[in-house]
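Structure file entry00.csv; described as CSV, C-alpha atoms and all ligand atoms.
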chain,number,residue,atom,x,y,z
U,223,MET,CA,0.0,0.0,0.0
U,224,PRO,CA,1.2,3.5,-0.7
U,225,THR,CA,2.3,5.6,2.3
U,226,ILE,CA,-0.4,7.9,3.7
U,227,PRO,CA,-0.2,10.4,6.6
U,228,ASP,CA,-0.1,9.2,10.2
U,229,GLY,CA,-3.5,8.6,11.6
U,230,TYR,CA,-5.1,7.7,8.3
U,231,ARG,CA,-6.0,4.1,7.2
U,232,MET,CA,-6.7,2.8,3.8
U,233,SER,CA,-8.8,-0.3,3.1
U,234,LEU,CA,-10.0,-2.3,0.2
U,235,ASP,CA,-12.5,-4.2,2.4
U,236,PRO,CA,-16.0,-3.5,1.2
U,237,SER,CA,-17.3,-4.1,4.8
U,238,ASP,CA,-15.4,-1.0,5.9
U,239,LEU,CA,-17.3,1.3,3.6
U,240,GLN,CA,-19.5,3.9,5.4
U,241,PHE,CA,-22.3,4.7,3.0
U,242,ASP,CA,-23.6,7.6,5.1
U,243,VAL,CA,-20.4,9.4,4.2
U,244,ILE,CA,-20.1,8.1,0.6
U,245,HIS,CA,-23.7,8.9,-0.3
U,246,ALA,CA,-23.6,12.3,1.5
U,247,TYR,CA,-20.7,13.3,-0.7
U,248,LEU,CA,-21.7,11.7,-4.0
U,249,SER,CA,-25.3,13.1,-3.8
U,250,ARG,CA,-23.8,16.6,-3.7
U,251,SER,CA,-21.0,16.0,-6.2
U,252,TYR,CA,-21.0,17.7,-9.6
U,253,TRP,CA,-21.2,14.3,-11.4
U,254,SER,CA,-24.1,12.6,-9.6
U,255,PRO,CA,-26.2,15.2,-7.8
U,256,GLY,CA,-29.2,13.6,-6.1
U,257,ILE,CA,-28.1,10.0,-6.7
U,258,PRO,CA,-30.2,7.7,-4.6
U,259,ARG,CA,-28.3,5.9,-1.8
U,260,GLU,CA,-29.3,2.5,-3.0
U,261,ILE,CA,-27.7,3.2,-6.4
U,262,ASP,CA,-24.4,4.1,-4.6
U,263,GLU,CA,-24.6,0.9,-2.6
U,264,LYS,CA,-25.4,-1.3,-5.6
U,265,ALA,CA,-22.6,0.3,-7.6
U,266,ALA,CA,-20.1,-0.3,-4.8
U,267,LEU,CA,-21.2,-3.9,-4.4
U,268,HIS,CA,-20.2,-4.7,-8.0
U,269,THR,CA,-17.0,-2.6,-8.1
U,270,LEU,CA,-13.5,-2.5,-6.7
U,271,CYS,CA,-13.7,0.1,-3.9
U,272,VAL,CA,-11.1,1.7,-1.8
U,273,GLY,CA,-11.8,3.9,1.3
U,274,VAL,CA,-9.6,6.1,3.5
U,275,PHE,CA,-10.5,6.6,7.1
U,276,GLY,CA,-9.4,9.5,9.4
U,277,PRO,CA,-8.0,9.5,12.9
U,278,ASP,CA,-11.5,9.2,14.4
U,279,GLY,CA,-12.4,6.2,12.2
U,280,GLY,CA,-14.7,8.1,10.0
U,281,GLN,CA,-14.5,7.7,6.2
U,282,VAL,CA,-12.9,10.7,4.5
U,283,GLY,CA,-12.2,9.4,1.0
U,284,PHE,CA,-13.4,7.0,-1.6
U,285,ALA,CA,-12.7,5.8,-5.1
U,286,ARG,CA,-13.9,2.8,-7.1
U,287,MET,CA,-13.1,1.0,-10.4
U,288,ALA,CA,-15.9,-0.5,-12.4
U,289,THR,CA,-14.4,-3.4,-14.2
U,290,ASP,CA,-14.6,-6.8,-15.8
U,291,HIS,CA,-11.6,-7.8,-13.7
U,292,ALA,CA,-9.7,-8.8,-16.8
U,293,THR,CA,-9.5,-6.2,-19.7
U,294,PHE,CA,-11.1,-2.9,-18.8
U,295,GLY,CA,-11.6,-0.6,-15.8
U,296,TYR,CA,-13.4,2.7,-15.4
U,297,LEU,CA,-12.3,4.8,-12.4
U,298,ALA,CA,-15.1,6.7,-10.8
U,299,ASP,CA,-16.5,8.5,-7.8
U,300,VAL,CA,-13.0,9.7,-6.5
U,301,PHE,CA,-13.4,12.2,-3.6
U,302,VAL,CA,-11.7,13.3,-0.4
U,303,LEU,CA,-13.7,15.3,2.1
U,304,GLU,CA,-12.7,19.0,2.2
U,305,ASP,CA,-11.0,18.9,5.6
U,306,HIS,CA,-8.7,16.1,4.5
U,307,ARG,CA,-7.5,17.4,1.1
U,308,GLY,CA,-4.0,18.3,0.2
U,309,ARG,CA,-2.5,15.3,2.0
U,310,GLY,CA,-2.0,12.9,-1.0
U,311,LEU,CA,-4.9,10.7,0.0
U,312,SER,CA,-6.6,10.6,-3.4
U,313,PRO,CA,-3.4,9.6,-5.3
U,314,ALA,CA,-2.8,6.9,-2.7
U,315,MET,CA,-6.3,5.5,-3.3
U,316,ILE,CA,-6.0,5.6,-7.1
U,317,ARG,CA,-2.5,4.0,-6.9
U,318,VAL,CA,-3.9,1.1,-4.8
U,319,LEU,CA,-6.6,0.4,-7.3
U,320,MET,CA,-4.2,0.7,-10.3
U,321,ASP,CA,-1.7,-1.7,-8.6
U,322,LEU,CA,-4.3,-4.5,-8.0
U,323,PRO,CA,-3.0,-7.6,-9.9
U,324,ASP,CA,-6.2,-7.7,-12.1
U,325,VAL,CA,-5.9,-4.1,-12.9
U,326,VAL,CA,-2.2,-4.1,-13.8
U,327,GLY,CA,-3.0,-6.4,-16.7
U,328,MET,CA,-5.9,-4.5,-18.2
U,329,ARG,CA,-5.4,-3.0,-21.6
U,330,ARG,CA,-7.5,0.1,-21.1
U,331,LEU,CA,-8.4,2.2,-18.1
U,332,MET,CA,-10.6,5.2,-18.5
U,333,LEU,CA,-12.1,8.0,-16.4
U,334,ALA,CA,-13.9,11.3,-16.9
U,335,THR,CA,-13.1,14.5,-15.0
U,336,ARG,CA,-14.2,18.1,-15.3
U,337,ASP,CA,-11.1,19.7,-13.8
U,338,ALA,CA,-8.8,17.2,-12.0
U,339,HIS,CA,-6.7,16.2,-15.1
U,340,GLY,CA,-3.5,17.2,-13.2
U,341,LEU,CA,-4.2,14.8,-10.4
U,342,TYR,CA,-4.5,11.9,-12.8
U,343,ALA,CA,-1.6,13.0,-15.1
U,344,LYS,CA,0.7,12.6,-12.1
U,345,LEU,CA,-0.4,8.9,-12.0
U,346,GLY,CA,0.3,8.2,-15.7
U,347,TRP,CA,-3.1,9.1,-17.2
U,348,SER,CA,-3.3,11.1,-20.4
U,349,PRO,CA,-6.1,12.8,-22.3
U,350,VAL,CA,-7.7,10.8,-25.1
U,351,VAL,CA,-5.9,12.2,-28.2
U,352,ASP,CA,-8.5,11.0,-30.7
U,353,PRO,CA,-12.0,10.7,-29.1
U,354,SER,CA,-13.6,9.7,-32.4
U,355,PRO,CA,-13.7,5.9,-31.7
U,356,PHE,CA,-15.6,6.5,-28.5
U,357,MET,CA,-19.4,6.8,-28.1
U,358,GLN,CA,-21.6,7.2,-25.1
U,359,ILE,CA,-25.1,7.5,-23.8
U,360,GLN,CA,-25.3,10.1,-21.0
U,361,LYS,CA,-28.4,10.6,-18.9
U,362,LYS,CA,-27.5,13.7,-17.0
U,363,GLU,CA,-31.0,14.3,-15.5
U,364,LEU,CA,-31.5,10.7,-14.4
U,365,TYR,CA,-30.8,10.9,-10.7
U,366,PRO,CA,-32.6,14.1,-9.8
U,367,ALA,CA,-35.5,12.8,-11.8
U,368,LEU,CA,-35.5,9.5,-9.9
U,369,LYS,CA,-35.4,11.4,-6.6
U,370,THR,CA,-38.4,13.6,-7.4
U,371,GLU,CA,-40.4,10.6,-8.6
U,372,ASP,CA,-39.8,8.7,-5.3
U,401,LIG,C1,-9.7,16.1,-6.6
U,401,LIG,C2,-9.5,15.5,-5.2
U,401,LIG,C3,-9.9,14.1,-5.2
U,401,LIG,C4,-8.0,15.6,-4.8
U,401,LIG,O1,-7.8,14.9,-3.6
U,401,LIG,P1,-6.6,15.2,-2.6
U,401,LIG,O2,-6.3,13.9,-1.8
U,401,LIG,O3,-6.9,16.3,-1.7
U,401,LIG,O4,-5.4,15.5,-3.6
U,401,LIG,P2,-4.0,16.3,-3.2
U,401,LIG,O5,-4.4,17.8,-2.9
U,401,LIG,O6,-3.3,15.6,-2.1
U,401,LIG,O7,-3.3,16.3,-4.5
U,401,LIG,C5,-2.4,15.3,-4.9
U,401,LIG,C6,-1.7,15.8,-6.2
U,401,LIG,O8,-2.6,16.0,-7.3
U,401,LIG,C7,-2.7,17.4,-7.6
U,401,LIG,N1,-4.1,17.7,-7.7
U,401,LIG,C8,-5.1,17.5,-6.9
U,401,LIG,N2,-6.3,18.0,-7.3
U,401,LIG,C9,-6.0,18.5,-8.5
U,401,LIG,C10,-6.8,19.2,-9.5
U,401,LIG,N3,-8.1,19.4,-9.4
U,401,LIG,N4,-6.2,19.6,-10.7
U,401,LIG,C11,-4.8,19.4,-10.8
U,401,LIG,N5,-4.0,18.8,-9.9
U,401,LIG,C12,-4.6,18.4,-8.8
U,401,LIG,C13,-2.1,18.1,-6.5
U,401,LIG,O9,-1.5,19.3,-6.9
U,401,LIG,C14,-1.0,17.1,-5.9
U,401,LIG,O10,0.1,17.2,-6.7
U,401,LIG,P3,1.6,17.0,-6.0
U,401,LIG,O11,1.6,15.6,-5.5
U,401,LIG,O12,2.5,17.3,-7.1
U,401,LIG,O13,1.6,18.0,-4.9
U,401,LIG,C15,-10.2,16.3,-4.1
U,401,LIG,O14,-9.9,17.7,-4.2
U,401,LIG,C16,-11.7,16.2,-4.2
U,401,LIG,O15,-12.4,15.3,-3.6
U,401,LIG,N6,-12.3,17.1,-5.0
U,401,LIG,C17,-13.8,17.1,-5.2
U,401,LIG,C18,-14.2,15.9,-6.0
U,401,LIG,C19,-13.6,15.7,-7.3
U,401,LIG,O16,-13.4,16.7,-8.1
U,401,LIG,N7,-13.1,14.5,-7.6
U,401,LIG,C20,-12.5,14.1,-8.8
U,401,LIG,C21,-13.5,13.8,-9.8
U,401,LIG,S1,-12.8,13.3,-11.4

Go through the file and emit its structure as structure tokens.
Amino acid sequence: MPTIPDGYRMSLDPSDLQFDVIHAYLSRSYWSPGIPREIDEKAALHTLCVGVFGPDGGQVGFARMATDHATFGYLADVFVLEDHRGRGLSPAMIRVLMDLPDVVGMRRLMLATRDAHGLYAKLGWSPVVDPSPFMQIQKKELYPALKTED
């Protein structure tokens, strides 16, 4: 495991995850505002997840990689709570996921970011030079819509 500051603990154990914290952040994030908690829990259940926990035991950071465990991984939901930023916690979480034996052998890893390109560039990621082969379906309004229908 990469070194993290004293007092912090990093874990790949899904049973350590604290969904009160994870959902509270992701539901106010710019990429999944209003996401229902059960969607966060279902996504985590089927994903490689890493958490960082602070001196009081509370979760302060999260990242996950959606993957077939063999060829492809999609890094998502990377965050560190505001009071714990600037300590290298997110690079440590991303590095742990990238260093998992299954992930090391994958031929493509992808992610999307609005403004954190520099963080990922330090870890070997680079912009897609030619996006023309890639296509997507994006449902930006899905989570708020689900929430209001509940
Ligand atoms: C982006 C985020 C995860 C960074 O977490 P962090 O653990 O505080 O990261 P650090 O500040 O310790 O930065 C680690 C390195 O990445 C760089 N970095 C961090 N955020 C960056 C950003 N937005 N743009 C460019 N570089 C960034 C830092 O300069 C630092 O570089 P260094 O090692 O050379 O000093 C955190 O600010 C966050 O949760 N932001 C809100 C959610 C978000 O935007 N998540 C990413 C979605 S793609």

Can I get the residues close to ligand LIG 401 (chain U) as a VMD selection string, where close means within 8 Å and we count only C-alpha atoms and all ligand atoms?
chain U and resid 251 to 253 283 298 to 304 306 to 314 333 to 342 344

Would you work out the distance separating atom CA of Cys271 of chain U from atom CA of Lys362 of chain U, expressed in Å to one decimal?
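For atom CA of Cys271 of chain U relative to atom CA of Lys362 of chain U, the distance reads 23.4 Å.
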
Restricting to all atoms listed in the file, whichever of U:Lys361, U:Trp347, U:Leu234, U:Asp352 is closest to Ser254 of chain U is U:Lys361

Suppose you want the space between atom CA of Pro277 of chain U and atom CA of Tyr230 of chain U; what is it in Å?
5.7 Å

Write out as a PDB file with C-alpha atoms, in the coordinates of the input which residues come within 10 Å of Met320 of chain U when counting only C-alpha atoms, dropping same-chain ones fewer than 4 positions away.
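What landed in out.pdb:
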ATOM      1  CA  MET U 287     -13.100   1.000 -10.400  1.00  0.00           C
ATOM      2  CA  GLY U 295     -11.600  -0.600 -15.800  1.00  0.00           C
ATOM      3  CA  LEU U 297     -12.300   4.800 -12.400  1.00  0.00           C
ATOM      4  CA  ALA U 314      -2.800   6.900  -2.700  1.00  0.00           C
ATOM      5  CA  MET U 315      -6.300   5.500  -3.300  1.00  0.00           C
ATOM      6  CA  ILE U 316      -6.000   5.600  -7.100  1.00  0.00           C
ATOM      7  CA  ASP U 324      -6.200  -7.700 -12.100  1.00  0.00           C
ATOM      8  CA  VAL U 325      -5.900  -4.100 -12.900  1.00  0.00           C
ATOM      9  CA  VAL U 326      -2.200  -4.100 -13.800  1.00  0.00           C
ATOM     10  CA  GLY U 327      -3.000  -6.400 -16.700  1.00  0.00           C
ATOM     11  CA  MET U 328      -5.900  -4.500 -18.200  1.00  0.00           C
ATOM     12  CA  LEU U 331      -8.400   2.200 -18.100  1.00  0.00           C
ATOM     13  CA  LEU U 345      -0.400   8.900 -12.000  1.00  0.00           C
TER      14      LEU U 345
END

Protein/DNA/RNA residues near (-24.8, 14.9, -8.5), cut 12 Å, only C-alpha atoms, as a ChimeraX atom specification
/U:245-259,262,299,361-367,369

As JSON, numbers by chain, please: the residues near Ser233 of chain U (cut-off 7 Å, all atoms listed in the file, same-chain neighbours under 2 positions excluded).
{"U": [231, 235, 272, 273, 274]}

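Going from atom CA of Pro323 of chain U to atom CA of Leu267 of chain U covers 19.4 Å.
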
Just checking: using only C-alpha atoms, which residue out of U:Arg286, U:Lys264, U:Arg317, U:Arg330 ends up closest to Ser348 of chain U?
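Ranking U:Arg286, U:Lys264, U:Arg317, U:Arg330 by distance to Ser348 of chain U, first place goes to U:Arg330.
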
Of the listed residues U:Phe284, U:Asp321, U:Gly276, U:Asp290, that which approaches Asp305 of chain U most closely, counting all atoms listed in the file:
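Among U:Phe284, U:Asp321, U:Gly276, U:Asp290, it is U:Gly276 that comes nearest to Asp305 of chain U.
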
Complete the atoms of segment 259-279 of chain U to N, CA and C atoms and put them out as a compact mmCIF listing (two decimals), in the coordinates of the input.
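Okay, this is what ended up in rebuild34.txt:
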# COMPACT_ATOMS: atom_id res chain seq x y z
N ARG U 259 -29.23 6.68 -2.58
CA ARG U 259 -28.30 5.90 -1.80
C ARG U 259 -28.20 4.44 -2.28
N GLU U 260 -29.35 3.86 -2.63
CA GLU U 260 -29.30 2.50 -3.00
C GLU U 260 -28.54 2.25 -4.34
N ILE U 261 -28.48 3.28 -5.17
CA ILE U 261 -27.70 3.20 -6.40
C ILE U 261 -26.19 3.19 -6.04
N ASP U 262 -25.80 4.07 -5.11
CA ASP U 262 -24.40 4.10 -4.60
C ASP U 262 -24.01 2.72 -4.05
N GLU U 263 -24.89 2.16 -3.25
CA GLU U 263 -24.60 0.90 -2.60
C GLU U 263 -24.50 -0.25 -3.61
N LYS U 264 -25.40 -0.26 -4.57
CA LYS U 264 -25.40 -1.30 -5.60
C LYS U 264 -24.12 -1.18 -6.46
N ALA U 265 -23.76 0.05 -6.82
CA ALA U 265 -22.60 0.30 -7.60
C ALA U 265 -21.32 -0.21 -6.88
N ALA U 266 -21.24 0.11 -5.60
CA ALA U 266 -20.10 -0.30 -4.80
C ALA U 266 -19.98 -1.81 -4.69
N LEU U 267 -21.13 -2.43 -4.53
CA LEU U 267 -21.20 -3.90 -4.40
C LEU U 267 -20.54 -4.60 -5.56
N HIS U 268 -20.66 -4.01 -6.75
CA HIS U 268 -20.20 -4.70 -8.00
C HIS U 268 -18.90 -4.05 -8.49
N THR U 269 -18.16 -3.36 -7.64
CA THR U 269 -17.00 -2.60 -8.10
C THR U 269 -15.86 -2.78 -7.11
N LEU U 270 -14.64 -2.58 -7.61
CA LEU U 270 -13.50 -2.50 -6.70
C LEU U 270 -13.46 -1.19 -6.02
N CYS U 271 -13.58 -1.20 -4.70
CA CYS U 271 -13.70 0.10 -3.90
C CYS U 271 -12.49 0.20 -3.00
N VAL U 272 -12.09 1.46 -2.78
CA VAL U 272 -11.10 1.70 -1.80
C VAL U 272 -11.61 2.91 -0.92
N GLY U 273 -11.38 2.83 0.38
CA GLY U 273 -11.80 3.90 1.30
C GLY U 273 -10.57 4.35 2.10
N VAL U 274 -10.59 5.64 2.49
CA VAL U 274 -9.60 6.10 3.50
C VAL U 274 -10.39 6.62 4.68
N PHE U 275 -9.82 6.34 5.84
CA PHE U 275 -10.50 6.60 7.10
C PHE U 275 -9.58 7.48 7.96
N GLY U 276 -10.19 8.47 8.61
CA GLY U 276 -9.40 9.50 9.40
C GLY U 276 -9.13 8.98 10.79
N PRO U 277 -8.45 9.86 11.54
CA PRO U 277 -8.00 9.50 12.90
C PRO U 277 -9.20 9.09 13.81
N ASP U 278 -10.39 9.62 13.56
CA ASP U 278 -11.50 9.20 14.40
C ASP U 278 -12.28 8.02 13.86
N GLY U 279 -11.75 7.41 12.79
CA GLY U 279 -12.40 6.20 12.20
C GLY U 279 -13.39 6.50 11.14
